[in-house]
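Just input-v4.csv here, CSV, C-alpha atoms:
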chain,number,residue,atom,x,y,z
S,1,MET,CA,0.0,0.0,0.0
S,2,THR,CA,1.4,3.5,-1.0
S,3,CYS,CA,0.5,6.9,0.3
S,4,THR,CA,1.2,10.4,-1.0
S,5,VAL,CA,3.1,12.9,1.0
S,6,PRO,CA,0.7,15.6,2.3
S,7,LYS,CA,1.4,19.2,1.4
S,8,GLU,CA,1.0,20.5,4.9
S,9,HIS,CA,3.7,20.4,7.5
S,10,PRO,CA,4.3,16.8,8.5
S,11,PHE,CA,3.7,17.6,12.2
S,12,THR,CA,0.2,19.0,11.7
S,13,GLY,CA,-2.7,16.8,12.8
S,14,GLN,CA,-3.0,14.9,9.5
S,15,GLY,CA,0.7,14.7,9.0
S,16,ALA,CA,1.2,13.2,12.5
S,17,VAL,CA,-1.4,10.5,11.8
S,18,LEU,CA,0.3,9.7,8.5
S,19,VAL,CA,3.7,9.4,10.3
S,20,ALA,CA,2.1,7.1,12.9
S,21,ALA,CA,0.5,5.0,10.2
S,22,PHE,CA,3.8,4.7,8.4
S,23,LEU,CA,5.5,3.5,11.6
S,24,TRP,CA,2.7,1.0,12.3
S,25,SER,CA,3.0,-0.3,8.7
S,26,THR,CA,6.5,-1.5,9.5
S,27,SER,CA,5.3,-3.9,12.1
S,28,GLY,CA,4.4,-6.6,9.7
S,29,LEU,CA,7.9,-6.6,8.1
S,30,LEU,CA,9.6,-6.5,11.5
S,31,ILE,CA,7.6,-9.3,12.9
S,32,ARG,CA,8.5,-11.4,9.8
S,33,LEU,CA,12.1,-10.5,10.1
S,34,LEU,CA,12.4,-10.9,13.9
S,35,ASP,CA,10.2,-14.1,14.3
S,36,TRP,CA,9.3,-14.4,18.0
S,37,HIS,CA,11.7,-11.8,19.3
S,38,PRO,CA,9.1,-9.1,19.6
S,39,ILE,CA,7.5,-11.1,22.4
S,40,VAL,CA,10.7,-10.9,24.4
S,41,ILE,CA,11.1,-7.2,23.4
S,42,ALA,CA,7.5,-6.6,24.8
S,43,ALA,CA,8.5,-8.3,28.1
S,44,ALA,CA,11.7,-6.1,28.3
S,45,PHE,CA,9.7,-3.0,27.5
S,46,LEU,CA,7.3,-3.8,30.4
S,47,TRP,CA,10.1,-4.5,32.8
S,48,SER,CA,11.7,-1.2,32.0
S,49,THR,CA,8.8,0.7,33.7
S,50,SER,CA,10.2,-0.4,37.1
S,51,GLY,CA,12.8,2.3,37.3
S,52,LEU,CA,10.2,5.1,37.1
S,53,LEU,CA,7.7,3.4,39.4
S,54,ILE,CA,10.2,2.6,42.1
S,55,ARG,CA,10.7,6.4,42.4
S,56,LEU,CA,7.1,6.7,43.5
S,57,LEU,CA,7.5,4.2,46.3
S,58,ASP,CA,9.2,5.1,49.5
S,59,TRP,CA,9.6,1.5,50.6
S,60,HIS,CA,12.5,-0.7,51.4
S,61,PRO,CA,13.8,-2.2,48.0
S,62,ILE,CA,13.2,-5.8,49.1
S,63,VAL,CA,9.7,-4.9,50.3
S,64,ILE,CA,9.1,-3.5,46.8
S,65,ALA,CA,10.4,-6.7,45.2
S,66,GLY,CA,8.3,-8.8,47.5
S,67,GLY,CA,5.1,-6.7,47.1
S,68,ARG,CA,5.2,-6.8,43.3
S,69,ALA,CA,6.1,-10.5,43.3
S,70,LEU,CA,3.0,-11.2,45.4
S,71,VAL,CA,0.7,-9.2,43.1
S,72,ALA,CA,2.4,-10.9,40.0
S,73,ALA,CA,1.9,-14.4,41.6
S,74,ILE,CA,-1.8,-13.8,42.3
S,75,PHE,CA,-2.3,-12.5,38.7
S,76,MET,CA,-0.4,-15.5,37.2
S,77,LEU,CA,-2.4,-17.9,39.3
S,78,ALA,CA,-5.6,-16.3,38.0
S,79,VAL,CA,-4.4,-16.6,34.4
S,80,ARG,CA,-3.5,-20.3,35.1
S,81,PHE,CA,-7.1,-21.0,36.0
S,82,VAL,CA,-8.5,-19.0,33.1
S,83,VAL,CA,-6.0,-20.3,30.5
S,84,PRO,CA,-5.3,-23.9,31.5
S,85,VAL,CA,-1.8,-25.3,31.0
S,86,PRO,CA,-1.5,-27.3,27.7
S,87,LYS,CA,-1.6,-31.0,28.3
S,88,SER,CA,1.7,-31.4,26.6
S,89,ASP,CA,3.3,-29.2,29.3
S,90,VAL,CA,1.8,-31.1,32.3
S,91,LYS,CA,4.3,-33.2,34.1
S,92,ASN,CA,3.8,-35.3,37.2
S,93,LYS,CA,7.2,-34.2,38.6
S,94,ARG,CA,9.0,-30.9,38.2
S,95,PRO,CA,12.5,-31.5,36.8
S,96,ALA,CA,15.6,-29.9,38.5
S,97,SER,CA,15.7,-27.3,35.8
S,98,PHE,CA,12.3,-26.0,36.9
S,99,TRP,CA,13.5,-25.3,40.5
S,100,ILE,CA,16.9,-24.0,39.5
S,101,SER,CA,15.4,-21.5,37.1
S,102,ALA,CA,12.7,-20.4,39.6
S,103,PHE,CA,15.2,-19.9,42.5
S,104,ALA,CA,17.7,-18.2,40.2
S,105,ASN,CA,15.2,-15.6,39.0
S,106,ALA,CA,14.0,-14.9,42.6
S,107,PHE,CA,17.6,-14.4,43.8
S,108,ALA,CA,18.4,-12.2,40.7
S,109,VAL,CA,15.6,-9.9,41.8
S,110,ILE,CA,16.6,-9.8,45.5
S,111,THR,CA,20.3,-9.4,44.7
S,112,PHE,CA,19.7,-6.6,42.2
S,113,VAL,CA,17.6,-4.4,44.6
S,114,THR,CA,20.3,-5.1,47.3
S,115,ALA,CA,23.0,-4.0,44.9
S,116,ASN,CA,21.2,-0.8,44.2
S,117,ARG,CA,21.5,0.0,47.9
S,118,LEU,CA,25.1,-0.9,48.1
S,119,THR,CA,26.6,0.6,45.0
S,120,ALA,CA,25.9,3.2,42.3
S,121,SER,CA,22.6,2.5,40.4
S,122,ALA,CA,24.4,2.6,37.0
S,123,ASN,CA,27.0,0.1,38.3
S,124,ALA,CA,24.3,-2.3,39.5
S,125,VAL,CA,22.4,-2.2,36.1
S,126,LEU,CA,25.5,-2.5,34.0
S,127,LEU,CA,26.9,-5.4,36.0
S,128,GLN,CA,23.6,-7.2,36.1
S,129,TYR,CA,23.3,-6.9,32.4
S,130,SER,CA,26.6,-8.8,32.0
S,131,SER,CA,24.0,-11.7,32.1
S,132,PRO,CA,24.2,-12.3,28.3
S,133,ILE,CA,27.8,-13.4,28.8
S,134,TRP,CA,26.9,-15.9,31.5
S,135,THR,CA,23.9,-17.0,29.4
S,136,ALA,CA,26.1,-17.7,26.3
S,137,LEU,CA,28.7,-19.7,28.3
S,138,LEU,CA,26.1,-21.7,30.3
S,139,ALA,CA,23.9,-22.3,27.3
S,140,TRP,CA,26.9,-23.7,25.3
S,141,TRP,CA,27.9,-25.9,28.2
S,142,VAL,CA,24.6,-27.0,29.7
S,143,ILE,CA,22.1,-27.2,26.9
S,144,LYS,CA,24.5,-27.3,23.9
S,145,GLU,CA,23.1,-24.1,22.3
S,146,LYS,CA,26.4,-22.9,20.8
S,147,PRO,CA,26.2,-19.1,20.1
S,148,ARG,CA,26.5,-18.1,16.5
S,149,TRP,CA,29.0,-15.6,15.1
S,150,GLU,CA,26.4,-12.9,15.0
S,151,GLN,CA,25.5,-13.5,18.7
S,152,TRP,CA,29.2,-13.2,19.8
S,153,GLY,CA,29.4,-10.0,17.7
S,154,ALA,CA,26.2,-8.7,19.3
S,155,LEU,CA,27.5,-9.5,22.8
S,156,ILE,CA,30.6,-7.4,22.1
S,157,LEU,CA,28.5,-4.6,20.8
S,158,VAL,CA,26.0,-4.8,23.7
S,159,ILE,CA,28.8,-4.6,26.3
S,160,SER,CA,30.4,-1.7,24.5
S,161,GLY,CA,27.0,0.0,24.2
S,162,MET,CA,26.3,-0.5,27.9
S,163,LEU,CA,29.6,1.0,28.9
S,164,ILE,CA,28.8,4.1,26.8
S,165,PHE,CA,25.1,4.2,27.8
S,166,PHE,CA,26.0,4.3,31.6
S,167,ARG,CA,29.2,6.3,31.3
S,168,GLU,CA,27.7,9.4,32.8
S,169,GLY,CA,26.2,7.5,35.8
S,170,LEU,CA,29.0,5.1,36.7
S,171,GLY,CA,30.4,5.7,40.1
S,172,ALA,CA,33.2,4.4,42.3
S,173,GLY,CA,30.7,2.0,43.9
S,174,THR,CA,31.7,-0.5,46.5
S,175,LEU,CA,33.4,-3.9,46.2
S,176,LEU,CA,30.5,-5.5,48.0
S,177,GLY,CA,27.8,-3.8,46.0
S,178,ASP,CA,29.5,-4.4,42.7
S,179,GLY,CA,30.0,-8.0,43.7
S,180,VAL,CA,26.3,-8.5,44.5
S,181,ALA,CA,25.4,-7.0,41.1
S,182,VAL,CA,27.7,-9.5,39.3
S,183,ILE,CA,26.0,-12.3,41.3
S,184,SER,CA,22.6,-10.9,40.1
S,185,GLY,CA,23.8,-11.0,36.5
S,186,ILE,CA,25.0,-14.6,37.0
S,187,CYS,CA,21.6,-15.5,38.5
S,188,VAL,CA,19.8,-14.0,35.5
S,189,GLY,CA,22.0,-16.1,33.1
S,190,ILE,CA,21.3,-19.3,35.1
S,191,HIS,CA,17.5,-18.4,35.1
S,192,VAL,CA,17.4,-17.9,31.3
S,193,VAL,CA,19.3,-21.1,30.5
S,194,PHE,CA,17.4,-23.4,32.8
S,195,LEU,CA,14.1,-21.7,31.8
S,196,ARG,CA,15.0,-22.6,28.2
S,197,MET,CA,15.7,-26.1,29.4
S,198,SER,CA,12.2,-26.1,30.8
S,199,LYS,CA,10.6,-24.9,27.6
S,200,ASP,CA,8.6,-28.2,27.3
S,201,ASN,CA,7.6,-28.1,31.0
S,202,ASN,CA,5.5,-24.9,31.0
S,203,PRO,CA,8.0,-22.1,31.6
S,204,ARG,CA,5.0,-20.0,32.7
S,205,ASP,CA,4.9,-22.0,35.9
S,206,VAL,CA,8.6,-21.4,36.5
S,207,MET,CA,8.0,-17.7,36.4
S,208,LEU,CA,5.0,-18.1,38.8
S,209,MET,CA,7.1,-20.1,41.2
S,210,SER,CA,9.9,-17.5,41.1
S,211,HIS,CA,7.5,-14.8,42.2
S,212,ILE,CA,6.3,-17.0,45.1
S,213,ILE,CA,9.9,-17.6,46.2
S,214,ALA,CA,10.8,-13.9,45.9
S,215,PHE,CA,7.7,-12.9,48.0
S,216,THR,CA,8.6,-15.6,50.6
S,217,ILE,CA,12.2,-14.2,50.9
S,218,SER,CA,10.8,-10.7,51.4
S,219,ILE,CA,8.4,-11.6,54.3
S,220,PRO,CA,10.9,-10.8,57.1
S,221,PHE,CA,11.6,-7.4,55.5
S,222,ILE,CA,7.9,-6.6,55.3
S,223,PHE,CA,7.7,-7.0,59.0
S,224,LEU,CA,10.9,-5.1,59.7
S,225,TYR,CA,10.1,-2.3,57.2
S,226,PRO,CA,6.3,-2.2,57.0
S,227,PRO,CA,5.2,-0.4,53.8
S,228,GLU,CA,3.1,2.7,53.9
S,229,PHE,CA,0.0,2.5,51.6
S,230,THR,CA,-0.8,5.8,50.0
S,231,ALA,CA,-2.7,7.1,47.0
S,232,SER,CA,0.5,6.8,44.9
S,233,SER,CA,2.1,3.7,46.3
S,234,VAL,CA,-1.0,1.4,45.9
S,235,PRO,CA,-1.5,2.0,42.1
S,236,ALA,CA,2.3,1.8,41.6
S,237,ILE,CA,2.7,-1.6,43.3
S,238,LEU,CA,-0.4,-2.9,41.6
S,239,PHE,CA,0.9,-1.9,38.1
S,240,MET,CA,4.3,-3.3,38.9
S,241,GLY,CA,2.9,-6.6,39.9
S,242,LEU,CA,0.2,-6.9,37.3
S,243,VAL,CA,1.8,-5.5,34.2
S,244,GLN,CA,5.5,-4.9,34.8
S,245,GLN,CA,6.1,-8.4,36.3
S,246,GLY,CA,2.9,-10.4,35.7
S,247,VAL,CA,2.2,-9.7,32.0
S,248,ALA,CA,5.9,-9.4,31.2
S,249,SER,CA,6.5,-12.9,32.8
S,250,LEU,CA,3.9,-14.4,30.5
S,251,PHE,CA,5.5,-12.8,27.4
S,252,PHE,CA,9.0,-13.9,28.5
S,253,ALA,CA,7.8,-17.5,29.2
S,254,TYR,CA,6.1,-17.5,25.7
S,255,GLY,CA,9.2,-16.2,24.0
S,256,ILE,CA,11.7,-18.5,25.6
S,257,LYS,CA,9.9,-21.6,24.1
S,258,ARG,CA,10.6,-20.2,20.6
S,259,ILE,CA,14.1,-18.6,20.6
S,260,SER,CA,17.4,-19.6,22.0
S,261,ALA,CA,18.6,-18.7,25.5
S,262,VAL,CA,21.4,-16.5,24.2
S,263,GLN,CA,19.1,-14.5,21.8
S,264,THR,CA,16.5,-14.2,24.6
S,265,SER,CA,19.1,-12.7,26.9
S,266,LEU,CA,20.4,-10.4,24.2
S,267,THR,CA,16.9,-9.2,23.4
S,268,SER,CA,16.1,-8.5,27.0
S,269,THR,CA,18.9,-5.9,27.1
S,270,ILE,CA,16.4,-3.5,25.5
S,271,GLU,CA,15.0,-3.1,29.1
S,272,PRO,CA,17.6,-0.6,30.5
S,273,LEU,CA,17.4,1.5,27.3
S,274,CYS,CA,13.7,2.2,27.9
S,275,ASN,CA,14.2,3.3,31.5
S,276,PRO,CA,15.5,6.8,30.7
S,277,VAL,CA,12.8,7.2,28.0
S,278,TRP,CA,10.1,6.7,30.6
S,279,VAL,CA,11.8,9.1,33.0
S,280,PHE,CA,12.2,11.7,30.2
S,281,PHE,CA,8.5,11.6,29.2
S,282,ILE,CA,7.1,11.5,32.7
S,283,LEU,CA,9.6,13.4,34.8
S,284,GLY,CA,11.2,15.5,32.1
S,285,GLU,CA,14.8,14.4,32.9
S,286,GLU,CA,16.7,14.5,29.6
S,287,PRO,CA,19.2,11.7,29.2
S,288,PRO,CA,22.8,12.5,28.2
S,289,ALA,CA,24.1,12.2,24.7
S,290,SER,CA,26.1,9.1,25.6
S,291,ALA,CA,22.8,7.3,26.4
S,292,PHE,CA,21.6,7.8,22.8
S,293,ILE,CA,24.9,6.5,21.3
S,294,GLY,CA,25.1,3.5,23.6
S,295,GLY,CA,21.4,2.8,23.1
S,296,ALA,CA,21.8,2.9,19.3
S,297,MET,CA,24.6,0.4,19.6
S,298,ILE,CA,22.6,-2.0,21.7
S,299,LEU,CA,19.5,-1.7,19.5
S,300,THR,CA,21.7,-2.4,16.4
S,301,ALA,CA,23.2,-5.5,18.1
S,302,VAL,CA,19.8,-6.9,19.2
S,303,LEU,CA,17.9,-6.2,15.9
S,304,GLY,CA,20.8,-7.2,13.7
S,305,SER,CA,21.5,-10.5,15.4
S,306,SER,CA,17.8,-11.3,15.5
S,307,ILE,CA,17.3,-10.6,11.8
S,308,ILE,CA,20.4,-12.6,10.8
S,309,LEU,CA,19.3,-15.5,13.0
S,310,ASN,CA,15.8,-15.6,11.6
S,311,LYS,CA,17.1,-15.4,8.0
S,312,ARG,CA,19.3,-18.4,8.7
S,313,LYS,CA,16.4,-20.3,10.2
S,314,GLN,CA,14.3,-19.5,7.1
S,315,ARG,CA,17.1,-20.7,4.7
S,316,GLU,CA,17.5,-23.9,6.7
S,317,TYR,CA,13.7,-24.5,6.6
S,318,ASN,CA,13.6,-23.9,2.8
S,319,ARG,CA,16.6,-26.3,2.3
S,320,ARG,CA,14.8,-29.0,4.3
S,321,SER,CA,11.6,-28.6,2.5
S,322,LEU,CA,13.4,-29.1,-0.8
S,323,GLU,CA,15.0,-32.4,0.3
What do you get writing this file as structure tokens?
Amino acid sequence: MTCTVPKEHPFTGQGAVLVAAFLWSTSGLLIRLLDWHPIVIAAAFLWSTSGLLIRLLDWHPIVIAGGRALVAAIFMLAVRFVVPVPKSDVKNKRPASFWISAFANAFAVITFVTANRLTASANAVLLQYSSPIWTALLAWWVIKEKPRWEQWGALILVISGMLIFFREGLGAGTLLGDGVAVISGICVGIHVVFLRMSKDNNPRDVMLMSHIIAFTISIPFIFLYPPEFTASSVPAILFMGLVQQGVASLFFAYGIKRISAVQTSLTSTIEPLCNPVWVFFILGEEPPASAFIGGAMILTAVLGSSIILNKRKQREYNRRSLE
């Protein structure tokens, strides 16, 4: 379908609608090029809202993590009753990969919020998002998903982009805080790899269990630092639990069944890029120029590796169909 360029200024009402329609029109092409990657991108986009919403909550970080985990668990349980688990995914016993992934995700959340208290926030985010490295190494060793050349290239570009993206906010930090952030990144890598291993055992339930575990860990902190429920904190924690964790977990569980662990981890690095965007639009804090440069590098790495990988899969499919 083609459209003519309007004579009026492109940012008038009609021009704005045409620009929006043009952008929407690219979705079909991108979905074909990216295969199931947009599902994981959607999950990362929802996760990215946490940075803004946490600012609205004057709660202890582990209480925030536990509160949103409780809401997410209730939401996912409700979804489980409404949308039953496929019979092919029902198993009499949960394999070890189920529990390893669930506990790893819960510990990743707890260690990340702890690291934010012990070191500079940018340090914590940057070190946690070393997770694609751990994912690549573990996936190669544990589930024999050897990273492709484009994924190794994307890893290098993502790390470089992260360093540039957070250059303005990196601080001296502390050895303990930076160490906890690294542990958080390792936990994320373990979670993704073993969630991928559980792809035929309903990964949705793995995410549900991880929220239950995270809430359980936070219970002592809820008593030590009781949260104050206000007109701003209640909607914030509900949104974080229902959408930012609950819906995002459903998307992530759906995507991990269809793309490799390494590509899932790479795609999820979209999350920290969206955080300053939310803060800019809602709070008016303009990100530094380095954020745009680093963000462009990360987006190029994620989209480029996704497109190359999907084209390879299509060629392999076509070759098999001709045999």
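Residues within 8 Å of Tyr225 in chain S, counting all atoms listed in the file and excluding same-chain residues fewer than 6 positions away, are Trp59, His60 and Val63 of chain S.
Nearest-residue note for Ile307 in chain S: choosing from S:Ala154, S:Leu224, S:Leu175, S:Ala106, the minimum distance belongs to S:Ala154, counting all atoms listed in the file.
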Q: Find, counting only C-alpha atoms, the residue in S:Ile190, S:Val125, S:Ala120, S:Ala139 that gets nearest to Asn275 in chain S.
A: S:Val125
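When only C-alpha atoms are used to measure the gap to Gly304 in chain S, the shortest distance among S:Ser290, S:Thr230, S:Gln263, S:Ser249 belongs to S:Gln263.
The smallest atom-to-atom distance between Ile64 in chain S and any of S:Ile110, S:Ile164, S:Ala115, S:Ala104, using all atoms listed in the file, is found for S:Ile110.
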Given the point (23.1, -6.6, 41.6) in the file's coordinates, find the residues that have an atom at most 6 Å from it, counting all atoms listed in the file, and give them as a compact mmCIF listing (two decimals) with C-alpha atoms, keeping the file's coordinate frame.
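Listing of point_4.txt after writing:
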# COMPACT_ATOMS: atom_id res chain seq x y z
CA THR S 111 20.30 -9.40 44.70
CA PHE S 112 19.70 -6.60 42.20
CA ALA S 115 23.00 -4.00 44.90
CA ALA S 124 24.30 -2.30 39.50
CA GLN S 128 23.60 -7.20 36.10
CA VAL S 180 26.30 -8.50 44.50
CA ALA S 181 25.40 -7.00 41.10
CA VAL S 182 27.70 -9.50 39.30
CA SER S 184 22.60 -10.90 40.10
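With all atoms listed in the file as the atoms that count, the residue of S:Pro61, S:Gly294, S:Pro84, S:Pro132 with the shortest distance to Val192 in chain S is S:Pro132.
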Q. Between CA of Phe292 in chain S and CA of Ile156 in chain S, what is the distance, to one decimal in Å?
A. 17.7 Å
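Comparing S:Val302, S:Val113, S:Ala108, S:Val193 by their smallest distance to Ile256 in chain S, the closest is S:Val193 (using only C-alpha atoms).
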Write range 301-314 of chain S as a PDB file, keeping the file's coordinate frame, completed to N, CA and C atoms.
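In the end it all went to result_7.pdb:
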ATOM      1  N   ALA S 301      22.726  -4.094  17.777  1.00  0.00           N
ATOM      2  CA  ALA S 301      23.200  -5.500  18.100  1.00  0.00           C
ATOM      3  C   ALA S 301      22.012  -6.413  18.193  1.00  0.00           C
ATOM      4  N   VAL S 302      20.973  -6.007  18.926  1.00  0.00           N
ATOM      5  CA  VAL S 302      19.800  -6.900  19.200  1.00  0.00           C
ATOM      6  C   VAL S 302      19.050  -7.141  17.872  1.00  0.00           C
ATOM      7  N   LEU S 303      18.711  -6.059  17.155  1.00  0.00           N
ATOM      8  CA  LEU S 303      17.900  -6.200  15.900  1.00  0.00           C
ATOM      9  C   LEU S 303      18.725  -6.922  14.847  1.00  0.00           C
ATOM     10  N   GLY S 304      20.010  -6.551  14.714  1.00  0.00           N
ATOM     11  CA  GLY S 304      20.800  -7.200  13.700  1.00  0.00           C
ATOM     12  C   GLY S 304      20.998  -8.664  13.890  1.00  0.00           C
ATOM     13  N   SER S 305      21.330  -9.074  15.112  1.00  0.00           N
ATOM     14  CA  SER S 305      21.500 -10.500  15.400  1.00  0.00           C
ATOM     15  C   SER S 305      20.192 -11.257  15.234  1.00  0.00           C
ATOM     16  N   SER S 306      19.085 -10.627  15.609  1.00  0.00           N
ATOM     17  CA  SER S 306      17.800 -11.300  15.500  1.00  0.00           C
ATOM     18  C   SER S 306      17.411 -11.508  14.033  1.00  0.00           C
ATOM     19  N   ILE S 307      17.645 -10.493  13.195  1.00  0.00           N
ATOM     20  CA  ILE S 307      17.300 -10.600  11.800  1.00  0.00           C
ATOM     21  C   ILE S 307      18.192 -11.660  11.093  1.00  0.00           C
ATOM     22  N   ILE S 308      19.504 -11.639  11.376  1.00  0.00           N
ATOM     23  CA  ILE S 308      20.400 -12.600  10.800  1.00  0.00           C
ATOM     24  C   ILE S 308      20.023 -14.041  11.196  1.00  0.00           C
ATOM     25  N   LEU S 309      19.723 -14.202  12.496  1.00  0.00           N
ATOM     26  CA  LEU S 309      19.300 -15.500  13.000  1.00  0.00           C
ATOM     27  C   LEU S 309      18.073 -16.019  12.334  1.00  0.00           C
ATOM     28  N   ASN S 310      17.090 -15.137  12.176  1.00  0.00           N
ATOM     29  CA  ASN S 310      15.800 -15.600  11.600  1.00  0.00           C
ATOM     30  C   ASN S 310      15.985 -15.880  10.102  1.00  0.00           C
ATOM     31  N   LYS S 311      16.820 -15.119   9.404  1.00  0.00           N
ATOM     32  CA  LYS S 311      17.100 -15.400   8.000  1.00  0.00           C
ATOM     33  C   LYS S 311      17.754 -16.778   7.846  1.00  0.00           C
ATOM     34  N   ARG S 312      18.671 -17.098   8.761  1.00  0.00           N
ATOM     35  CA  ARG S 312      19.300 -18.400   8.700  1.00  0.00           C
ATOM     36  C   ARG S 312      18.302 -19.521   8.933  1.00  0.00           C
ATOM     37  N   LYS S 313      17.411 -19.329   9.912  1.00  0.00           N
ATOM     38  CA  LYS S 313      16.400 -20.300  10.200  1.00  0.00           C
ATOM     39  C   LYS S 313      15.483 -20.522   8.941  1.00  0.00           C
ATOM     40  N   GLN S 314      15.176 -19.414   8.246  1.00  0.00           N
ATOM     41  CA  GLN S 314      14.300 -19.500   7.100  1.00  0.00           C
ATOM     42  C   GLN S 314      15.041 -20.268   5.945  1.00  0.00           C
TER      43      GLN S 314
END
